[in-house]
Amino acid sequence: MLLKVCGMRDAANIVEVLEVAPDYLGLIFFEKSARFVGHDFELPPDLLASTPKKVGVFVNHTLAQVVEKVNKYGLALAQLHGDESPVFCQQLKDALPQLQVVKVFRVANDFDFAQLKPYKPFCDFFLFDTKGKDYGGNGVVFNWNILKQYDNELPLFMSGGLSLYNIQELQDFVTAHKLRVHAIDVNSKFEKSPALKDVEKLKELRRRLQNTPTQNTEKQ
Ligand SMILES: O=C(O)c1ccccc1NCC(=O)[C@H](O)[C@H](O)COP(=O)(O)O
């Protein structure tokens, strides 16, 4: 499983996080988030020169706002964390064909998997996060058993309260149920304070993930 670390803005902290060699770095463009990058955010030169794909996290932004951030920061993926429609995903793909679109679904026990269908032609990945009081970064795990209903058609980012305490359990669950998990997405459980990542914890996570086989989970 690949690794996405989400929600940094401090240049020195980003440089430290890069030592862990994440596969994806999430930058949050939602102004109401405690992890909002800010209006004057500049990419640290180390990030420009390094390999992780940059993921922009958006919540009900307009198409023009997403396109502007993608172009400004060289984002490879847009993670749509709000109530964006399938038509919005289609418009984004039409505007930026190279961009990978990740539609987020906030999951609770009554989650209806039928709602995924109209998104499939316009998305590269789905991300399952916990439905909580905030749009994201709630630090709460959802009941993974509900994923037994998922048809595995699009590869997944798995999210929601992932920590050093539950990562092995998640890996076992994914293997047992042959879930097509492309990457895990970690955030608040690897922080010293909002937006400041605890790099020692991330290094331990990286060590544990290195012992798991990676799968071909790109969209076919
Ligand atoms: O993290 C935020 O503050 C946030 C706010 C609004 C929308 C999305 C947000 N985070 C996006 C993520 O991808 C998080 O990693 C995901 O929600 C999981 O967070 P956590 O439960 O803290 O691990």
# chains A, B, ... in the order shown; residues from 1 in each chain; ligands from 1
call {"tool": "residues_near_ligand", "arguments": {"ligand": "ligand 1", "cutoff": "6 Å", "atoms": "only C-alpha atoms and all ligand atoms", "output": "PyMOL selection string"}}
result
chain A and resi 6-7+33-35+81+129+135-140+159-162+185-189
call {"tool": "closest_residue", "arguments": {"among": "A:Pro194, A:Pro97, A:Gly74, A:Pro86", "to": "A:Leu43", "atoms": "only C-alpha atoms"}}
result
A:Gly74
call {"tool": "atom_distance", "arguments": {"atom1": "atom CA of A:Leu154", "atom2": "atom CA of A:Phe125"}}
result
5.6 Å
call {"tool": "closest_residue", "arguments": {"among": "A:Asn143, A:Ser85, A:Gln65, A:Gln91", "to": "A:Phe128", "atoms": "only C-alpha atoms"}}
result
A:Asn143
call {"tool": "select_by_dssp", "arguments": {"residues": "stretch 14-220 of chain A", "states": "strand (DSSP E or B)", "output": "JSON, numbers by chain"}}
result
{"A": [24, 25, 26, 27, 28, 36, 53, 54, 55, 56, 57, 58, 77, 78, 79, 80, 100, 101, 102, 103, 104, 105, 106, 107, 125, 126, 127, 128, 129, 130, 156, 157, 158, 181, 182, 183, 184, 185, 186, 191, 192, 193, 196, 197]}
call {"tool": "write_last_selection", "arguments": {"atoms": "N, CA and C atoms", "output": "compact mmCIF listing (two decimals), in the first residue's frame"}}
result
# COMPACT_ATOMS: atom_id res chain seq x y z
N TYR A 24 2.37 10.36 -1.69
CA TYR A 24 1.48 11.49 -1.95
C TYR A 24 1.55 12.45 -0.77
N LEU A 25 1.49 13.75 -1.09
CA LEU A 25 1.40 14.79 -0.05
C LEU A 25 0.10 15.56 -0.27
N GLY A 26 -0.71 15.64 0.76
CA GLY A 26 -1.99 16.34 0.65
C GLY A 26 -1.90 17.76 1.16
N LEU A 27 -2.32 18.70 0.33
CA LEU A 27 -2.34 20.12 0.70
C LEU A 27 -3.80 20.56 0.75
N ILE A 28 -4.20 21.13 1.87
CA ILE A 28 -5.61 21.42 2.09
C ILE A 28 -5.92 22.87 1.73
N PHE A 36 -5.57 24.34 6.74
CA PHE A 36 -5.57 25.15 5.51
C PHE A 36 -4.15 25.66 5.24
N LYS A 53 3.67 12.80 -5.28
CA LYS A 53 2.64 13.50 -6.04
C LYS A 53 1.89 14.42 -5.10
N LYS A 54 1.61 15.60 -5.55
CA LYS A 54 0.89 16.56 -4.71
C LYS A 54 -0.62 16.43 -4.97
N VAL A 55 -1.33 16.34 -3.86
CA VAL A 55 -2.78 16.18 -3.91
C VAL A 55 -3.42 17.42 -3.31
N GLY A 56 -4.30 18.07 -4.07
CA GLY A 56 -5.03 19.21 -3.52
C GLY A 56 -6.34 18.73 -2.92
N VAL A 57 -6.60 19.15 -1.69
CA VAL A 57 -7.84 18.75 -1.03
C VAL A 57 -8.81 19.94 -1.09
N PHE A 58 -9.98 19.68 -1.67
CA PHE A 58 -10.97 20.73 -1.91
C PHE A 58 -12.32 20.35 -1.30
N LEU A 77 -3.19 15.29 -8.38
CA LEU A 77 -4.51 14.75 -8.02
C LEU A 77 -5.34 15.85 -7.35
N ALA A 78 -6.65 15.79 -7.57
CA ALA A 78 -7.58 16.65 -6.83
C ALA A 78 -8.47 15.74 -6.00
N GLN A 79 -8.48 15.98 -4.70
CA GLN A 79 -9.29 15.18 -3.78
C GLN A 79 -10.51 16.02 -3.42
N LEU A 80 -11.68 15.55 -3.84
CA LEU A 80 -12.91 16.33 -3.68
C LEU A 80 -13.65 15.83 -2.45
N GLN A 100 -5.64 13.44 -11.92
CA GLN A 100 -6.35 12.28 -11.38
C GLN A 100 -7.37 12.79 -10.35
N VAL A 101 -8.58 12.32 -10.49
CA VAL A 101 -9.67 12.80 -9.63
C VAL A 101 -9.99 11.74 -8.57
N VAL A 102 -9.97 12.21 -7.33
CA VAL A 102 -10.27 11.34 -6.18
C VAL A 102 -11.56 11.87 -5.56
N LYS A 103 -12.63 11.11 -5.66
CA LYS A 103 -13.87 11.57 -4.99
C LYS A 103 -13.93 10.91 -3.61
N VAL A 104 -14.17 11.75 -2.63
CA VAL A 104 -14.23 11.28 -1.25
C VAL A 104 -15.68 10.99 -0.87
N PHE A 105 -15.85 9.90 -0.15
CA PHE A 105 -17.15 9.60 0.46
C PHE A 105 -16.96 9.44 1.95
N ARG A 106 -17.80 10.16 2.68
CA ARG A 106 -17.73 10.12 4.15
C ARG A 106 -18.69 9.04 4.63
N VAL A 107 -18.11 8.02 5.23
CA VAL A 107 -18.82 6.77 5.45
C VAL A 107 -19.37 6.66 6.88
N PHE A 125 -9.88 7.36 -8.50
CA PHE A 125 -9.88 6.70 -7.19
C PHE A 125 -11.10 7.17 -6.40
N PHE A 126 -11.51 6.33 -5.47
CA PHE A 126 -12.40 6.78 -4.41
C PHE A 126 -11.58 6.83 -3.13
N LEU A 127 -11.98 7.72 -2.23
CA LEU A 127 -11.36 7.77 -0.89
C LEU A 127 -12.49 7.63 0.12
N PHE A 128 -12.36 6.65 0.98
CA PHE A 128 -13.35 6.47 2.04
C PHE A 128 -12.80 7.03 3.34
N ASP A 129 -13.55 7.96 3.88
CA ASP A 129 -13.19 8.63 5.14
C ASP A 129 -14.39 8.49 6.09
N THR A 130 -14.17 8.79 7.34
CA THR A 130 -15.25 8.67 8.31
C THR A 130 -16.16 9.90 8.25
N LEU A 156 -8.80 2.37 -4.15
CA LEU A 156 -9.17 3.21 -3.01
C LEU A 156 -7.99 3.86 -2.32
N PHE A 157 -8.25 5.04 -1.79
CA PHE A 157 -7.46 5.57 -0.70
C PHE A 157 -8.27 5.27 0.57
N MET A 158 -7.62 4.70 1.56
CA MET A 158 -8.31 4.39 2.83
C MET A 158 -7.91 5.42 3.85
N VAL A 181 -7.00 -1.56 -2.14
CA VAL A 181 -6.52 -0.32 -1.51
C VAL A 181 -5.21 0.11 -2.16
N HIS A 182 -5.24 1.24 -2.79
CA HIS A 182 -4.06 1.78 -3.49
C HIS A 182 -3.13 2.44 -2.48
N ALA A 183 -3.71 3.19 -1.53
CA ALA A 183 -2.88 3.95 -0.57
C ALA A 183 -3.67 4.16 0.71
N ILE A 184 -2.91 4.33 1.79
CA ILE A 184 -3.56 4.80 3.02
C ILE A 184 -3.29 6.29 3.14
N ASP A 185 -4.21 6.95 3.80
CA ASP A 185 -4.15 8.41 3.94
C ASP A 185 -4.13 8.72 5.43
N VAL A 186 -3.03 9.31 5.90
CA VAL A 186 -2.93 9.58 7.35
C VAL A 186 -2.87 11.08 7.59
N GLU A 191 0.18 13.83 14.14
CA GLU A 191 0.44 15.26 14.32
C GLU A 191 0.86 15.59 15.74
N LYS A 192 1.68 16.63 15.85
CA LYS A 192 1.98 17.22 17.17
C LYS A 192 0.93 18.29 17.47
N SER A 193 0.51 18.99 16.43
CA SER A 193 -0.58 19.96 16.52
C SER A 193 -1.14 20.08 15.10
N LEU A 196 1.05 20.18 11.84
CA LEU A 196 2.46 19.92 12.13
C LEU A 196 2.65 18.42 12.36
N LYS A 197 3.26 17.76 11.39
CA LYS A 197 3.34 16.30 11.46
C LYS A 197 4.45 15.83 12.40
call {"tool": "closest_residue", "arguments": {"among": "A:Thr175, A:Ile167, A:Gly82, A:Asn109", "to": "A:Arg206", "atoms": "only C-alpha atoms"}}
result
A:Ile167
call {"tool": "select_by_dssp", "arguments": {"residues": "stretch 31-207 of chain A", "states": "helix (DSSP H, G or I)", "output": "PDB file with C-alpha atoms, in the first residue's frame"}}
result
ATOM      1  CA  PRO A  45      12.056  23.967  -3.040  1.00  0.00           C
ATOM      2  CA  ASP A  46      12.665  20.456  -1.591  1.00  0.00           C
ATOM      3  CA  LEU A  47       9.091  19.570  -2.432  1.00  0.00           C
ATOM      4  CA  LEU A  48       9.411  20.883  -5.963  1.00  0.00           C
ATOM      5  CA  ALA A  49      12.478  18.721  -6.492  1.00  0.00           C
ATOM      6  CA  LEU A  63     -14.207  24.471 -11.018  1.00  0.00           C
ATOM      7  CA  ALA A  64     -12.185  27.636 -11.637  1.00  0.00           C
ATOM      8  CA  GLN A  65     -10.751  27.553  -8.101  1.00  0.00           C
ATOM      9  CA  VAL A  66      -9.647  23.914  -8.445  1.00  0.00           C
ATOM     10  CA  VAL A  67      -8.103  24.519 -11.878  1.00  0.00           C
ATOM     11  CA  GLU A  68      -6.250  27.566 -10.568  1.00  0.00           C
ATOM     12  CA  LYS A  69      -4.685  25.619  -7.652  1.00  0.00           C
ATOM     13  CA  VAL A  70      -3.804  22.638  -9.843  1.00  0.00           C
ATOM     14  CA  ASN A  71      -1.931  24.876 -12.253  1.00  0.00           C
ATOM     15  CA  LYS A  72      -0.321  27.038  -9.574  1.00  0.00           C
ATOM     16  CA  TYR A  73       1.008  24.156  -7.430  1.00  0.00           C
ATOM     17  CA  PRO A  86     -20.532  13.467 -10.930  1.00  0.00           C
ATOM     18  CA  VAL A  87     -21.018  16.321 -13.418  1.00  0.00           C
ATOM     19  CA  PHE A  88     -18.451  18.383 -11.519  1.00  0.00           C
ATOM     20  CA  CYS A  89     -15.955  15.476 -11.731  1.00  0.00           C
ATOM     21  CA  GLN A  90     -16.642  15.200 -15.457  1.00  0.00           C
ATOM     22  CA  GLN A  91     -16.074  18.938 -15.963  1.00  0.00           C
ATOM     23  CA  LEU A  92     -12.807  18.720 -14.035  1.00  0.00           C
ATOM     24  CA  LYS A  93     -11.615  15.802 -16.180  1.00  0.00           C
ATOM     25  CA  ASP A  94     -12.585  17.686 -19.326  1.00  0.00           C
ATOM     26  CA  ALA A  95     -10.714  20.781 -18.172  1.00  0.00           C
ATOM     27  CA  PHE A 113     -22.732   2.133  -2.215  1.00  0.00           C
ATOM     28  CA  ALA A 114     -25.173   2.713  -5.095  1.00  0.00           C
ATOM     29  CA  GLN A 115     -24.248   6.407  -4.995  1.00  0.00           C
ATOM     30  CA  LEU A 116     -20.753   5.585  -6.316  1.00  0.00           C
ATOM     31  CA  LYS A 117     -21.906   4.401  -9.742  1.00  0.00           C
ATOM     32  CA  PRO A 118     -22.351   7.747 -11.561  1.00  0.00           C
ATOM     33  CA  TYR A 119     -18.900   8.893 -10.423  1.00  0.00           C
ATOM     34  CA  LYS A 120     -16.978   5.927 -11.800  1.00  0.00           C
ATOM     35  CA  PRO A 121     -16.402   7.152 -15.377  1.00  0.00           C
ATOM     36  CA  PHE A 122     -14.912  10.453 -14.172  1.00  0.00           C
ATOM     37  CA  TRP A 144     -14.503  -1.183   7.877  1.00  0.00           C
ATOM     38  CA  ASN A 145     -16.897  -4.128   7.680  1.00  0.00           C
ATOM     39  CA  ILE A 146     -19.158  -1.995   5.525  1.00  0.00           C
ATOM     40  CA  LEU A 147     -16.487  -2.190   2.801  1.00  0.00           C
ATOM     41  CA  LYS A 148     -17.390  -5.830   2.231  1.00  0.00           C
ATOM     42  CA  GLN A 149     -20.179  -4.320   0.102  1.00  0.00           C
ATOM     43  CA  ILE A 167      -2.561   0.011  10.787  1.00  0.00           C
ATOM     44  CA  GLN A 168      -1.778  -3.700  11.175  1.00  0.00           C
ATOM     45  CA  GLU A 169      -5.454  -4.443  11.701  1.00  0.00           C
ATOM     46  CA  LEU A 170      -6.260  -2.514   8.539  1.00  0.00           C
ATOM     47  CA  GLN A 171      -3.622  -4.377   6.547  1.00  0.00           C
ATOM     48  CA  ASP A 172      -5.035  -7.703   7.762  1.00  0.00           C
ATOM     49  CA  PHE A 173      -8.570  -6.588   6.877  1.00  0.00           C
ATOM     50  CA  VAL A 174      -7.550  -5.466   3.396  1.00  0.00           C
ATOM     51  CA  THR A 175      -5.769  -8.746   2.727  1.00  0.00           C
ATOM     52  CA  ALA A 176      -8.578 -10.906   4.122  1.00  0.00           C
ATOM     53  CA  SER A 188      -4.416  13.854  12.602  1.00  0.00           C
ATOM     54  CA  LYS A 189      -3.065  10.725  14.303  1.00  0.00           C
ATOM     55  CA  PHE A 190       0.423  11.668  13.079  1.00  0.00           C
ATOM     56  CA  VAL A 199       7.933  12.729  11.788  1.00  0.00           C
ATOM     57  CA  GLU A 200       9.076  10.030  14.228  1.00  0.00           C
ATOM     58  CA  LYS A 201       5.609   8.481  14.123  1.00  0.00           C
ATOM     59  CA  LEU A 202       5.601   8.692  10.338  1.00  0.00           C
ATOM     60  CA  LYS A 203       8.990   6.961  10.169  1.00  0.00           C
ATOM     61  CA  GLU A 204       7.606   4.103  12.242  1.00  0.00           C
ATOM     62  CA  LEU A 205       4.599   3.893   9.936  1.00  0.00           C
ATOM     63  CA  ARG A 206       6.847   3.798   6.879  1.00  0.00           C
ATOM     64  CA  ARG A 207       8.883   0.986   8.451  1.00  0.00           C
TER      65      ARG A 207
END
call {"tool": "residues_around", "arguments": {"residues": "A:Pro52", "least_positions_apart": "6", "cutoff": "10 Å", "atoms": "only C-alpha atoms", "output": "ChimeraX atom specification"}}
result
/A:3-5,18,21-26,76
